[in-house]
>>> print(open('input.cif').read())   # mmCIF, C-alpha atoms
data_run
#
loop_
_atom_site.label_atom_id
_atom_site.label_comp_id
_atom_site.auth_asym_id
_atom_site.auth_seq_id
_atom_site.Cartn_x
_atom_site.Cartn_y
_atom_site.Cartn_z
CA MET D 457 90.26 121.25 84.20
CA ASP D 458 92.55 120.22 87.05
CA ARG D 459 94.92 117.66 85.53
CA LEU D 460 97.59 115.51 87.15
CA GLY D 461 101.17 116.68 87.01
CA VAL D 462 104.19 114.48 86.39
CA VAL D 463 104.85 114.04 90.13
CA ASP D 464 101.18 113.16 90.75
CA GLU D 465 101.53 110.42 88.14
CA ILE D 466 104.68 109.04 89.77
CA PHE D 467 102.88 108.60 93.08
CA LEU D 468 99.85 107.15 91.30
CA ARG D 469 102.14 104.45 89.88
CA THR D 470 103.49 103.67 93.35
CA HIS D 471 99.89 103.15 94.46
CA ARG D 472 99.58 100.59 91.66
CA GLY D 473 102.62 98.66 92.88
CA LEU D 474 105.20 100.28 90.61
CA GLY D 475 107.55 101.62 93.25
CA THR D 476 107.63 102.28 96.98
CA PRO D 477 104.10 102.70 98.41
CA ILE D 478 103.73 106.01 100.25
CA ALA D 479 100.95 107.61 102.28
CA LEU D 480 101.24 110.92 104.10
CA GLN D 481 100.05 111.39 107.65
CA GLY D 482 99.43 114.27 110.03
CA LEU D 483 99.22 113.49 113.75
CA TRP D 484 97.69 115.86 116.31
CA ARG D 485 98.09 115.26 120.06
CA THR D 486 95.89 117.02 122.60
CA ALA D 487 96.17 117.05 126.38
CA ASP D 488 92.50 116.16 126.83
CA ARG D 489 89.95 113.93 125.14
CA VAL D 490 88.46 115.07 121.86
CA GLU D 491 84.75 114.35 121.62
CA PRO D 492 83.46 112.11 118.77
CA ALA D 493 80.91 114.74 117.62
CA LEU D 494 83.75 117.18 116.84
CA LEU D 495 85.63 114.49 114.93
CA GLN D 496 82.52 113.82 112.85
CA ARG D 497 82.31 117.51 111.92
CA ILE D 498 85.97 117.52 110.85
CA HIS D 499 85.35 114.35 108.85
CA ALA D 500 82.39 115.97 107.09
CA ALA D 501 84.47 119.04 106.22
CA LEU D 502 87.22 116.86 104.74
CA ARG D 503 84.68 115.01 102.56
CA VAL D 504 83.77 118.19 100.72
CA GLY D 505 87.28 119.63 100.85
CA PRO D 506 90.19 119.38 98.40
CA LEU D 507 91.08 115.79 99.42
CA GLY D 508 87.61 114.73 98.28
CA ARG D 509 88.59 113.83 94.72
CA ARG D 510 89.71 110.91 92.59
CA VAL D 511 91.68 110.28 89.41
CA ILE D 512 89.86 109.86 86.09
CA ARG D 513 91.65 108.38 83.07
CA SER D 514 91.32 110.30 79.84
CA ARG D 515 89.74 108.59 76.81
CA VAL D 516 92.11 110.41 74.46
CA PRO D 517 95.62 108.94 74.00
CA GLY D 518 98.20 111.36 75.34
CA ALA D 519 95.81 113.53 77.33
CA ARG D 520 96.61 113.69 81.02
CA ARG D 521 94.46 112.11 83.70
CA PHE D 522 92.36 114.59 85.64
CA TRP D 523 90.76 115.05 89.06
CA GLN D 524 87.06 114.72 89.72
CA PRO D 525 85.27 115.60 92.98
CA ASN D 526 84.41 112.53 95.05
CA THR D 527 82.69 112.71 98.44
CA ARG D 528 82.88 108.98 99.12
CA ALA D 529 84.95 108.54 102.28
CA HIS D 530 86.10 105.91 104.70
CA PRO D 531 84.04 106.34 107.87
CA LEU D 532 85.62 108.05 110.83
CA GLU D 533 87.67 105.48 112.74
CA PHE D 534 87.21 106.04 116.44
CA THR D 535 87.23 103.56 119.33
CA GLU D 536 86.59 104.71 122.87
CA GLY D 537 89.15 102.33 124.36
CA VAL D 538 92.41 103.80 125.63
CA LEU D 539 95.53 103.45 123.47
CA PRO D 540 98.86 103.05 125.36
CA LEU D 541 101.38 105.74 124.40
CA GLU D 542 103.90 103.18 123.18
CA GLU D 543 101.35 101.96 120.63
CA LEU D 544 100.64 105.40 119.14
CA LEU D 545 102.99 105.13 116.15
CA PRO D 546 102.31 101.44 115.41
CA TRP D 547 98.60 102.35 115.38
CA GLY D 548 99.32 105.20 112.98
CA ASP D 549 101.26 102.83 110.72
CA THR D 550 98.09 100.77 110.14
CA LEU D 551 96.06 103.67 108.75
CA GLY D 552 97.55 103.71 105.24
CA THR D 553 95.75 100.61 103.96
CA ASP D 554 92.84 100.75 101.48
CA LEU D 555 93.58 104.29 100.32
CA ASP D 556 92.68 104.39 96.63
CA PRO D 557 93.05 107.68 94.72
CA GLU D 558 91.32 106.20 91.66
CA PHE D 559 88.38 104.01 92.62
CA GLY D 560 87.80 104.60 96.30
CA PRO D 561 88.47 107.10 99.05
CA GLY D 562 92.08 108.24 99.05
CA TRP D 563 92.13 109.54 102.64
CA ARG D 564 91.14 108.51 106.17
CA LEU D 565 90.49 110.30 109.47
CA ALA D 566 91.05 108.31 112.66
CA ALA D 567 91.39 109.11 116.36
CA ARG D 568 92.04 107.43 119.70
CA TRP D 569 92.07 108.46 123.34
CA LEU D 570 95.51 107.99 124.91
CA SER D 571 96.60 106.52 128.21
CA ASP D 572 98.00 109.89 129.34
CA GLY D 573 94.49 111.38 129.30
CA GLY D 574 94.90 113.02 125.92
CA SER D 575 93.96 112.18 122.35
CA VAL D 576 95.62 111.55 119.00
CA VAL D 577 93.96 112.47 115.71
CA ALA D 578 95.42 111.14 112.45
CA LEU D 579 94.72 112.34 108.91
CA THR D 580 96.24 109.98 106.33
CA CYS D 581 96.11 110.28 102.53
CA SER D 582 97.56 108.64 99.46
CA HIS D 583 100.61 110.54 98.22
CA ALA D 584 98.91 110.67 94.83
CA LEU D 585 96.39 113.12 96.31
CA ALA D 586 98.83 115.55 97.89
CA ASP D 587 102.36 116.20 99.10
CA ALA D 588 103.10 117.27 102.68
CA ARG D 589 102.26 120.95 102.14
CA GLY D 590 99.17 119.90 100.25
CA LEU D 591 98.01 117.80 103.20
CA VAL D 592 98.65 120.80 105.47
CA HIS D 593 96.47 122.99 103.24
CA ALA D 594 93.68 120.38 103.24
CA ALA D 595 93.74 120.11 107.04
CA ASP D 596 93.87 123.90 107.37
CA SER D 597 90.79 124.23 105.16
CA ALA D 598 88.81 121.60 107.10
CA LEU D 599 89.68 122.91 110.55
CA ARG D 600 88.88 126.49 109.53
CA ASP D 601 85.52 125.35 108.16
CA VAL D 602 84.71 123.62 111.45
CA VAL D 603 85.63 126.73 113.46
CA ASP D 604 83.64 129.01 111.14
CA ALA D 605 80.60 126.73 111.24
CA HIS D 606 80.81 126.61 115.03
CA ALA D 607 80.98 130.40 115.24
CA VAL D 608 77.98 130.86 112.96
CA SER D 609 75.88 128.22 114.70
CA ALA D 610 76.87 129.49 118.15
CA GLY D 611 75.49 132.86 117.19
CA ALA D 612 72.26 131.13 116.23
CA GLY D 613 72.21 129.19 119.48
CA ARG D 614 72.77 125.75 117.96
CA LEU D 615 75.47 123.68 116.30
CA GLU D 616 74.73 122.54 112.76
CA PRO D 617 76.70 119.78 111.02
CA ILE D 618 78.71 120.70 107.97
CA ALA D 619 76.77 119.67 104.88
CA ALA D 620 78.17 116.86 102.76
CA GLU D 621 76.88 115.49 99.51
CA ALA D 622 75.30 112.06 99.37
CA GLU D 623 77.57 109.07 99.84
CA GLY D 624 78.86 107.91 96.51
CA ALA D 625 78.52 111.28 94.80
CA GLY D 626 81.12 112.29 92.27
CA GLY D 627 81.27 108.87 90.66
CA GLY D 628 80.45 109.97 87.12
CA ARG D 629 82.75 111.42 84.50
CA SER D 630 83.55 115.08 84.64
CA ARG D 631 81.41 117.36 82.53
CA TYR D 632 84.61 119.02 81.34
CA ALA D 633 85.78 115.92 79.45
CA GLY D 634 85.56 116.21 75.69
CA GLU D 635 87.24 118.64 73.35
CA SER D 636 89.56 119.88 76.10
CA GLU D 637 91.06 116.38 76.26
CA TRP D 638 92.03 116.62 72.57
CA VAL D 639 93.58 120.03 73.19
CA ASP D 640 95.58 118.62 76.09
CA ALA D 641 96.65 115.58 74.08
CA VAL D 642 97.95 117.75 71.21
CA ARG D 643 99.85 119.91 73.71
CA GLN D 644 101.40 116.89 75.45
CA TRP D 645 102.47 115.20 72.24
CA SER D 646 103.92 118.45 70.91
CA ILE D 647 106.06 118.86 74.01
CA VAL D 648 107.16 115.23 74.01
CA VAL D 649 108.02 115.00 70.31
CA GLY D 650 109.82 118.34 70.22
CA GLY D 651 111.74 117.70 73.44
CA THR D 652 112.72 114.18 72.41
CA ILE D 653 114.08 115.38 69.07
CA ARG D 654 116.19 118.02 70.83
CA ALA D 655 117.49 115.44 73.31
CA LEU D 656 118.41 113.00 70.54
CA ARG D 657 120.33 115.70 68.68
CA HIS D 658 122.61 116.09 71.69
CA GLY D 659 122.81 112.38 72.40
CA ILE D 660 121.17 110.77 75.41
CA PRO D 661 123.60 110.75 78.35
CA LYS D 662 123.75 107.82 80.70
CA ARG D 663 121.60 107.91 83.79
CA PRO D 664 123.57 109.51 86.66
CA GLU D 665 125.10 106.88 88.92
CA SER D 666 123.59 108.58 91.99
CA GLU D 667 120.07 107.82 90.76
CA GLY D 668 120.29 104.05 91.06
CA PRO D 669 120.08 101.27 91.69
CA VAL D 670 117.20 100.63 94.07
CA ARG D 671 118.45 98.81 97.16
CA ALA D 672 117.76 95.06 97.24
CA GLY D 673 115.82 93.72 100.18
CA VAL D 674 117.66 91.54 102.67
CA GLY D 675 116.30 89.67 105.66
CA GLU D 676 113.00 90.56 107.27
CA LEU D 677 111.39 93.78 106.24
CA GLY D 678 110.93 96.31 109.02
CA VAL D 679 109.78 99.93 108.79
CA HIS D 680 110.11 101.68 112.13
CA GLY D 681 109.11 105.17 113.19
CA ALA D 682 109.99 107.62 115.94
CA ILE D 683 108.98 111.20 116.69
CA MET D 684 111.07 113.73 118.60
CA GLN D 685 109.89 117.10 119.88
CA PHE D 686 112.17 120.09 120.57
CA ARG D 687 111.75 123.63 121.81
CA ALA D 688 112.02 125.88 118.77
CA ASP D 689 114.13 128.53 120.53
CA GLU D 690 116.69 125.90 121.56
CA TRP D 691 116.83 124.34 118.08
CA ASP D 692 117.34 127.77 116.48
CA ARG D 693 119.95 128.70 119.09
CA VAL D 694 122.00 125.54 118.46
CA ALA D 695 121.74 126.05 114.70
CA GLY D 696 122.96 129.64 115.07
CA GLU D 697 125.86 128.63 117.32
CA HIS D 698 127.06 126.30 114.55
CA GLY D 699 126.65 128.95 111.86
CA GLY D 700 123.67 127.19 110.34
CA THR D 701 119.92 127.39 110.01
CA ALA D 702 117.11 125.27 111.38
CA ASN D 703 117.12 123.43 108.04
CA SER D 704 120.87 122.72 107.87
CA LEU D 705 120.84 121.49 111.48
CA PHE D 706 117.99 119.17 110.48
CA ILE D 707 120.03 117.73 107.59
CA ARG D 708 123.05 117.22 109.85
CA PHE D 709 120.86 115.53 112.47
CA VAL D 710 119.42 112.97 110.03
CA ALA D 711 122.83 112.23 108.48
CA THR D 712 124.40 111.79 111.91
CA LEU D 713 121.62 109.44 112.87
CA LEU D 714 122.20 107.23 109.82
CA TRP D 715 125.92 106.97 110.58
CA ASP D 716 125.04 106.06 114.17
CA THR D 717 122.99 103.11 112.92
CA GLY D 718 126.08 101.71 111.21
CA PHE D 719 125.97 103.18 107.70
CA PRO D 720 129.47 102.39 106.41
CA ALA D 721 130.13 105.04 103.74
CA SER D 722 131.97 108.25 104.58
CA GLU D 723 129.52 110.26 102.49
CA ILE D 724 125.73 110.32 102.59
CA SER D 725 123.63 111.47 99.66
CA ALA D 726 120.60 113.43 100.81
CA SER D 727 117.49 114.24 98.78
CA LEU D 728 115.77 117.53 99.63
CA PRO D 729 112.20 118.21 98.48
CA VAL D 730 111.52 121.76 97.31
CA ASP D 731 108.03 123.27 97.49
CA THR D 732 107.33 124.83 94.06
CA ARG D 733 103.75 126.10 94.57
CA ASP D 734 103.11 129.78 94.10
CA GLU D 735 99.81 129.68 96.01
CA PRO D 736 98.21 127.35 98.57
CA ARG D 737 96.77 124.30 96.82
CA VAL D 738 96.47 120.56 97.36
CA ASP D 739 98.71 118.86 94.81
CA ASN D 740 102.12 117.25 94.51
CA ASP D 741 103.72 120.58 93.74
CA LEU D 742 107.34 119.80 94.49
CA ALA D 743 110.73 119.22 92.94
CA MET D 744 113.78 117.40 94.29
CA THR D 745 117.38 118.42 94.71
CA GLU D 746 120.31 116.77 96.48
CA ILE D 747 123.50 117.36 98.42
CA VAL D 748 126.30 115.12 99.62
CA VAL D 749 127.04 115.15 103.36
CA ASP D 750 130.44 114.09 104.65
CA ARG D 751 131.52 113.48 108.23
CA ALA D 752 133.31 116.83 108.45
CA ASP D 753 130.22 118.82 107.49
CA THR D 754 128.66 121.21 109.99
CA PRO D 755 125.35 123.07 109.90
CA ALA D 756 127.35 126.00 108.49
CA THR D 757 128.81 124.05 105.55
CA LEU D 758 125.51 122.29 104.91
CA ARG D 759 123.79 125.66 104.80
CA LYS D 760 126.01 126.62 101.86
CA LYS D 761 125.54 123.27 100.14
CA ALA D 762 121.77 123.39 100.51
CA ARG D 763 121.58 126.98 99.28
CA ALA D 764 123.47 126.03 96.12
CA ALA D 765 121.40 122.87 95.66
CA TYR D 766 118.11 124.76 95.76
CA GLU D 767 119.24 126.62 92.63
CA ARG D 768 119.28 123.35 90.67
CA ARG D 769 116.71 120.59 90.50
CA MET D 770 116.88 116.94 89.57
CA SER D 771 115.91 116.64 85.91
CA SER D 772 114.26 113.92 83.89
CA PRO D 773 116.52 111.08 82.71
CA GLY D 774 118.65 111.68 79.66
CA GLY D 775 117.43 115.23 79.15
CA MET D 776 114.13 113.88 77.82
CA PRO D 777 111.01 115.98 78.47
CA GLU D 778 109.36 114.91 81.72
CA GLU D 779 105.97 114.89 79.97
CA LEU D 780 107.15 111.71 78.24
CA LEU D 781 106.30 109.89 81.48
CA GLN D 782 102.63 110.85 81.03
CA VAL D 783 102.08 109.59 77.49
CA ILE D 784 103.81 106.19 77.55
CA PRO D 785 102.47 103.07 79.32
CA ASP D 786 102.84 103.01 83.11
CA ARG D 787 105.41 100.21 83.19
CA TRP D 788 107.64 102.01 80.70
CA ALA D 789 107.29 105.24 82.66
CA TYR D 790 108.18 103.40 85.86
CA ALA D 791 111.26 101.85 84.26
CA LEU D 792 112.45 105.30 83.13
CA SER D 793 111.83 107.00 86.47
CA LYS D 794 112.60 104.10 88.83
CA GLY D 795 114.48 105.32 91.89
CA ALA D 796 114.43 108.95 90.75
CA GLY D 797 114.76 111.28 93.72
CA GLU D 798 115.80 108.49 96.09
CA ARG D 799 119.06 108.93 97.97
CA ASP D 800 120.53 107.53 101.21
CA ILE D 801 118.41 109.89 103.31
CA LEU D 802 115.39 112.10 102.72
CA CYS D 803 115.19 115.42 104.57
CA SER D 804 111.75 116.99 104.08
CA ASN D 805 111.44 120.36 105.80
CA ILE D 806 107.70 121.03 105.80
CA GLY D 807 108.09 124.42 107.44
CA THR D 808 105.87 126.33 109.85
CA LEU D 809 102.31 125.05 110.15
CA PRO D 810 99.39 127.49 110.10
CA ASP D 811 97.95 128.54 113.44
CA SER D 812 94.64 126.86 112.59
CA LEU D 813 96.33 123.47 113.00
CA ARG D 814 97.38 124.21 116.58
CA THR D 815 93.94 123.34 117.90
CA VAL D 816 91.43 120.58 117.20
CA GLY D 817 88.18 122.44 117.72
CA ASP D 818 88.50 123.84 121.25
CA HIS D 819 91.33 121.48 122.19
CA PRO D 820 94.87 122.96 122.13
CA CYS D 821 97.52 120.66 120.67
CA ILE D 822 100.61 119.69 122.64
CA GLY D 823 102.32 118.34 119.53
CA ILE D 824 101.77 118.09 115.76
CA ALA D 825 103.76 115.76 113.54
CA ALA D 826 103.82 115.14 109.79
CA ARG D 827 105.38 112.08 108.21
CA ALA D 828 105.18 109.49 105.44
CA ILE D 829 104.32 105.84 106.03
CA HIS D 830 104.74 102.87 103.69
CA PRO D 831 101.70 100.58 103.74
CA GLY D 832 102.31 97.17 102.19
CA LEU D 833 106.02 97.74 101.59
CA THR D 834 107.83 94.51 100.68
CA THR D 835 111.49 93.68 100.18
CA THR D 836 110.92 93.61 96.41
CA HIS D 837 110.19 97.35 96.51
CA LEU D 838 112.64 98.42 99.20
CA PRO D 839 113.90 101.87 98.16
CA ARG D 840 117.44 103.16 98.22
CA THR D 841 116.44 105.52 101.04
CA ARG D 842 117.49 104.16 104.44
CA LEU D 843 116.23 106.94 106.70
CA SER D 844 113.64 109.66 106.17
CA GLY D 845 113.16 112.77 108.28
CA TYR D 846 110.22 115.19 108.29
CA LEU D 847 110.52 118.47 110.20
CA CYS D 848 107.74 120.93 110.95
CA ARG D 849 107.28 123.82 113.35
CA SER D 850 104.11 124.53 115.29
CA GLY D 851 104.08 127.38 117.76
CA GLU D 852 107.01 127.03 120.15
CA ASP D 853 108.09 123.56 119.03
CA TYR D 854 109.82 121.70 116.24
CA VAL D 855 108.65 118.14 115.71
CA LEU D 856 110.92 115.71 113.88
CA SER D 857 109.39 112.52 112.50
CA LEU D 858 111.77 109.72 111.53
CA ILE D 859 111.10 106.65 109.40
CA GLY D 860 113.78 103.94 109.38
CA LEU D 861 113.95 101.69 106.31
CA ASP D 862 117.25 100.00 107.15
CA PRO D 863 117.56 96.50 108.64
CA ALA D 864 120.09 97.94 111.12
CA ILE D 865 117.21 99.82 112.79
CA GLU D 866 115.61 97.05 114.79
CA SER D 867 112.61 98.86 116.27
CA GLY D 868 110.96 102.21 116.83
CA THR D 869 112.35 102.21 120.36
CA ALA D 870 115.88 101.71 119.03
CA LEU D 871 115.38 104.52 116.51
CA ALA D 872 114.19 106.87 119.27
CA GLU D 873 117.24 105.99 121.39
CA PHE D 874 119.58 106.68 118.47
CA ALA D 875 117.80 110.01 117.95
CA MET D 876 118.12 111.06 121.60
CA GLU D 877 121.84 110.25 121.57
CA ALA D 878 122.39 112.16 118.33
CA ALA D 879 120.44 115.13 119.70
CA ALA D 880 122.54 115.19 122.88
CA ARG D 881 125.79 115.28 120.88
CA LEU D 882 124.47 118.20 118.86
CA GLY D 883 123.54 120.04 122.05
CA LEU D 884 119.78 119.51 121.71
CA ASP D 885 117.40 118.43 124.46
CA GLY D 886 114.43 116.70 122.88
CA TYR D 887 111.95 114.10 124.02
CA PRO D 888 110.25 111.29 122.13
CA TRP D 889 106.52 110.84 121.72
#
>>> encode(input="input.cif", output="structure tokens")
Amino acid sequence: MDRLGVVDEIFLRTHRGLGTPIALQGLWRTADRVEPALLQRIHAALRVGPLGRRVIRSRVPGARRFWQPNTRAHPLEFTEGVLPLEELLPWGDTLGTDLDPEFGPGWRLAARWLSDGGSVVALTCSHALADARGLVHAADSALRDVVDAHAVSAGAGRLEPIAAEAEGAGGGRSRYAGESEWVDAVRQWSIVVGGTIRALRHGIPKRPESEGPVRAGVGELGVHGAIMQFRADEWDRVAGEHGGTANSLFIRFVATLLWDTGFPASEISASLPVDTRDEPRVDNDLAMTEIVVDRADTPATLRKKARAAYERRMSSPGGMPEELLQVIPDRWAYALSKGAGERDILCSNIGTLPDSLRTVGDHPCIGIAARAIHPGLTTTHLPRTRLSGYLCRSGEDYVLSLIGLDPAIESGTALAEFAMEAAARLGLDGYPW
């Protein structure tokens, strides 16, 4: 049975209002207009793919929640009107509403034609369903299925739609529930009790100061996004000239950008997600580590700091077993894990995207971005994180997505201007979406 991990449960609690709401989003831009029939085939493939699932609560105390297939889906959102380029990201920001990983569809596919003659396609999912690499795997699976189906049907002289189960399927309880839940409950309680006893023997240390508190909201809430695109050979060249890597240049870029917006401290704490999967799968299969960036740091020094940081991971509070968060009530678990992993900036290096994502059907992409959005975020849940960056490579380009959560960032336009200025000082020549 495919059960939720500790990180899955953390993002499930944020969906329930216990923490910062987060949805993940992939954005594909093409130079020409994508036809609605193709979008419907992609939508059908996603329905029966790994995102087509929902959370089921166990009936046995202590047993973990588990995933059940669910082909219910929000309908494809497509309007044939033309979307101005400056409204692309604000439009994308609206797509995270009504994503429910428990009782309704947890993902959405949407598309618009753009005023430059191209198209934008957006795949958005609840973070409870997948992390960034998980969303990449889900999109890879769907796009490959569409291409394979097209190849088979073309050989037969016709194009068949991808089969999907009836709307509303997957609503019952899994046939695997039963004795396996008792086995899982015994395992969970054994880990929790044994780990707690060991932690108490050594005394429970105080929570590290760097892990709190969550930043209080002030003034009007504004979450603003920007996307920058760079030639990969230039990015790698600049990183090499500074003795760094593409990743350490990325960290320096985001830190520089936060200082440019007026961040007063001389040091910036950065959280770095680490992909922990040993095979492609759609889950929240990640851990977090951190480094401290100071104004004297270069891509070379940050390379060393990041390399050392990847050898250690943020642990559960007080040395307690992390499984504790899965057997106690949600509000207690939230109180124990509140703000965990949040730092001044988030630098999520998603890596190189598979070649299958470089086209939407027969339409080559001119840019692919991945980012997180925060639907329904209020000042009462404003995180410590002030600026988030998401970097991915597709073909000959790096695309950097930025999300500003600081009142000093007044608009997406202002964030893009800050980013262009920071890029110029680092010797990079990028352009905004």
>>> resolve_selection(input="input.cif", expression="the PyMOL selection byres ((chain D and resi 552) around 7)", output="list in words")
Ala479, Asp549, Thr550, Leu551, Thr553, Asp554, Leu555, Thr580 and Pro831 of chain D
>>> residues_around(input="input.cif", residues="Leu599 of chain D", least_positions_apart="2", cutoff="12 Å", atoms="all atoms listed in the file", output="PDB file with C-alpha atoms, in the frame of the given file")
ATOM      1  CA  LEU D 494      83.750 117.180 116.840  1.00  0.00           C
ATOM      2  CA  LEU D 495      85.630 114.490 114.930  1.00  0.00           C
ATOM      3  CA  GLN D 496      82.520 113.820 112.850  1.00  0.00           C
ATOM      4  CA  ARG D 497      82.310 117.510 111.920  1.00  0.00           C
ATOM      5  CA  ILE D 498      85.970 117.520 110.850  1.00  0.00           C
ATOM      6  CA  HIS D 499      85.350 114.350 108.850  1.00  0.00           C
ATOM      7  CA  ALA D 500      82.390 115.970 107.090  1.00  0.00           C
ATOM      8  CA  ALA D 501      84.470 119.040 106.220  1.00  0.00           C
ATOM      9  CA  LEU D 502      87.220 116.860 104.740  1.00  0.00           C
ATOM     10  CA  GLY D 505      87.280 119.630 100.850  1.00  0.00           C
ATOM     11  CA  LEU D 579      94.720 112.340 108.910  1.00  0.00           C
ATOM     12  CA  VAL D 592      98.650 120.800 105.470  1.00  0.00           C
ATOM     13  CA  HIS D 593      96.470 122.990 103.240  1.00  0.00           C
ATOM     14  CA  ALA D 594      93.680 120.380 103.240  1.00  0.00           C
ATOM     15  CA  ALA D 595      93.740 120.110 107.040  1.00  0.00           C
ATOM     16  CA  ASP D 596      93.870 123.900 107.370  1.00  0.00           C
ATOM     17  CA  SER D 597      90.790 124.230 105.160  1.00  0.00           C
ATOM     18  CA  ASP D 601      85.520 125.350 108.160  1.00  0.00           C
ATOM     19  CA  VAL D 602      84.710 123.620 111.450  1.00  0.00           C
ATOM     20  CA  VAL D 603      85.630 126.730 113.460  1.00  0.00           C
ATOM     21  CA  ASP D 604      83.640 129.010 111.140  1.00  0.00           C
ATOM     22  CA  ALA D 605      80.600 126.730 111.240  1.00  0.00           C
ATOM     23  CA  HIS D 606      80.810 126.610 115.030  1.00  0.00           C
ATOM     24  CA  ILE D 618      78.710 120.700 107.970  1.00  0.00           C
ATOM     25  CA  PRO D 810      99.390 127.490 110.100  1.00  0.00           C
ATOM     26  CA  ASP D 811      97.950 128.540 113.440  1.00  0.00           C
ATOM     27  CA  SER D 812      94.640 126.860 112.590  1.00  0.00           C
ATOM     28  CA  LEU D 813      96.330 123.470 113.000  1.00  0.00           C
ATOM     29  CA  ARG D 814      97.380 124.210 116.580  1.00  0.00           C
ATOM     30  CA  THR D 815      93.940 123.340 117.900  1.00  0.00           C
ATOM     31  CA  VAL D 816      91.430 120.580 117.200  1.00  0.00           C
ATOM     32  CA  GLY D 817      88.180 122.440 117.720  1.00  0.00           C
ATOM     33  CA  ASP D 818      88.500 123.840 121.250  1.00  0.00           C
ATOM     34  CA  HIS D 819      91.330 121.480 122.190  1.00  0.00           C
TER      35      HIS D 819
END
>>> atom_distance(input="input.cif", atom1="atom CA of Phe686 of chain D", atom2="atom CA of Ala578 of chain D")
20.7 Å
>>> residues_around(input="input.cif", residues="Leu884 of chain D", least_positions_apart="4", cutoff="9 Å", atoms="all atoms listed in the file", output="ChimeraX atom specification")
/D:686,690-691,694,876,878-880
>>> atom_distance(input="input.cif", atom1="atom CA of Arg769 of chain D", atom2="atom CA of Thr745 of chain D")
4.8 Å
>>> axis_aligned_box(input="input.cif", around="segment 589-607 of chain D", padding_each_side="8 Å", output="lines of an AutoDock Vina configuration file")
center_x = 91.4
center_y = 124.1
center_z = 107.7
size_x = 37.7
size_y = 28.6
size_z = 31.0
>>> resolve_selection(input="input.cif", expression="the PyMOL selection byres ((chain D and resi 732-744) around 6)", output="PyMOL selection string")
chain D and resi 464+586-587+590+728-731+745+769-770
>>> atom_distance(input="input.cif", atom1="atom CA of Gly548 of chain D", atom2="atom CA of Gly823 of chain D")
15.0 Å
>>> residues_around(input="input.cif", residues="Ala791 of chain D", least_positions_apart="6", cutoff="10 Å", atoms="all atoms listed in the file", output="count of residues only")
3
>>> resolve_selection(input="input.cif", expression="the PyMOL selection byres ((chain D and resi 877) around 12)", output="PyMOL selection string")
chain D and resi 684+709+712-713+716-717+870-876+878-888
>>> residues_around(input="input.cif", residues="Glu723 of chain D", least_positions_apart="2", cutoff="10 Å", atoms="only C-alpha atoms", output="ChimeraX atom specification")
/D:711,715,719-721,725-726,748-753,800
>>> residues_near_point(input="input.cif", point="(103.9, 121.5, 108.0)", cutoff="8 Å", atoms="only C-alpha atoms", output="list in words")
Ala588, Arg589, Val592, Asn805, Ile806, Gly807, Thr808, Leu809, Pro810, Ala825, Ala826, Leu847, Cys848, Arg849 and Ser850 of chain D
>>> write_last_selection(input="input.cif", atoms="C-alpha atoms", output="mmCIF file, keeping the file's coordinate frame")
data_model
loop_
_atom_site.group_PDB
_atom_site.id
_atom_site.type_symbol
_atom_site.label_atom_id
_atom_site.label_comp_id
_atom_site.auth_asym_id
_atom_site.auth_seq_id
_atom_site.Cartn_x
_atom_site.Cartn_y
_atom_site.Cartn_z
ATOM 1 C CA ALA D 588 103.100 117.270 102.680
ATOM 2 C CA ARG D 589 102.260 120.950 102.140
ATOM 3 C CA VAL D 592 98.650 120.800 105.470
ATOM 4 C CA ASN D 805 111.440 120.360 105.800
ATOM 5 C CA ILE D 806 107.700 121.030 105.800
ATOM 6 C CA GLY D 807 108.090 124.420 107.440
ATOM 7 C CA THR D 808 105.870 126.330 109.850
ATOM 8 C CA LEU D 809 102.310 125.050 110.150
ATOM 9 C CA PRO D 810 99.390 127.490 110.100
ATOM 10 C CA ALA D 825 103.760 115.760 113.540
ATOM 11 C CA ALA D 826 103.820 115.140 109.790
ATOM 12 C CA LEU D 847 110.520 118.470 110.200
ATOM 13 C CA CYS D 848 107.740 120.930 110.950
ATOM 14 C CA ARG D 849 107.280 123.820 113.350
ATOM 15 C CA SER D 850 104.110 124.530 115.290
#
>>> residues_around(input="input.cif", residues="Ser575 of chain D", least_positions_apart="4", cutoff="10 Å", atoms="all atoms listed in the file", output="ChimeraX atom specification")
/D:484-491,538-539,567-571,819,821
>>> closest_residue(input="input.cif", among="D:Ala762, D:Leu545, D:Leu565, D:Ala493", to="His530 of chain D", atoms="all atoms listed in the file")
D:Leu565
>>> closest_residue(input="input.cif", among="D:Ala641, D:Leu483, D:Leu705, D:Ile512", to="Val576 of chain D", atoms="all atoms listed in the file")
D:Leu483
>>> decode(input="input.cif", residues="segment 756-760 of chain D", atoms="N, CA and C atoms", output="compact mmCIF listing (two decimals), in the first residue's frame")
# COMPACT_ATOMS: atom_id res chain seq x y z
N ALA D 756 32.04 30.50 -5.35
CA ALA D 756 33.04 29.52 -4.93
C ALA D 756 32.87 29.14 -3.47
N THR D 757 32.72 30.13 -2.58
CA THR D 757 32.56 29.81 -1.15
C THR D 757 31.21 29.15 -0.89
N LEU D 758 30.19 29.55 -1.62
CA LEU D 758 28.88 28.93 -1.44
C LEU D 758 28.88 27.49 -1.95
N ARG D 759 29.70 27.21 -2.93
CA ARG D 759 29.82 25.83 -3.41
C ARG D 759 30.30 24.93 -2.27
N LYS D 760 31.29 25.40 -1.52
CA LYS D 760 31.82 24.61 -0.40
C LYS D 760 30.78 24.49 0.71
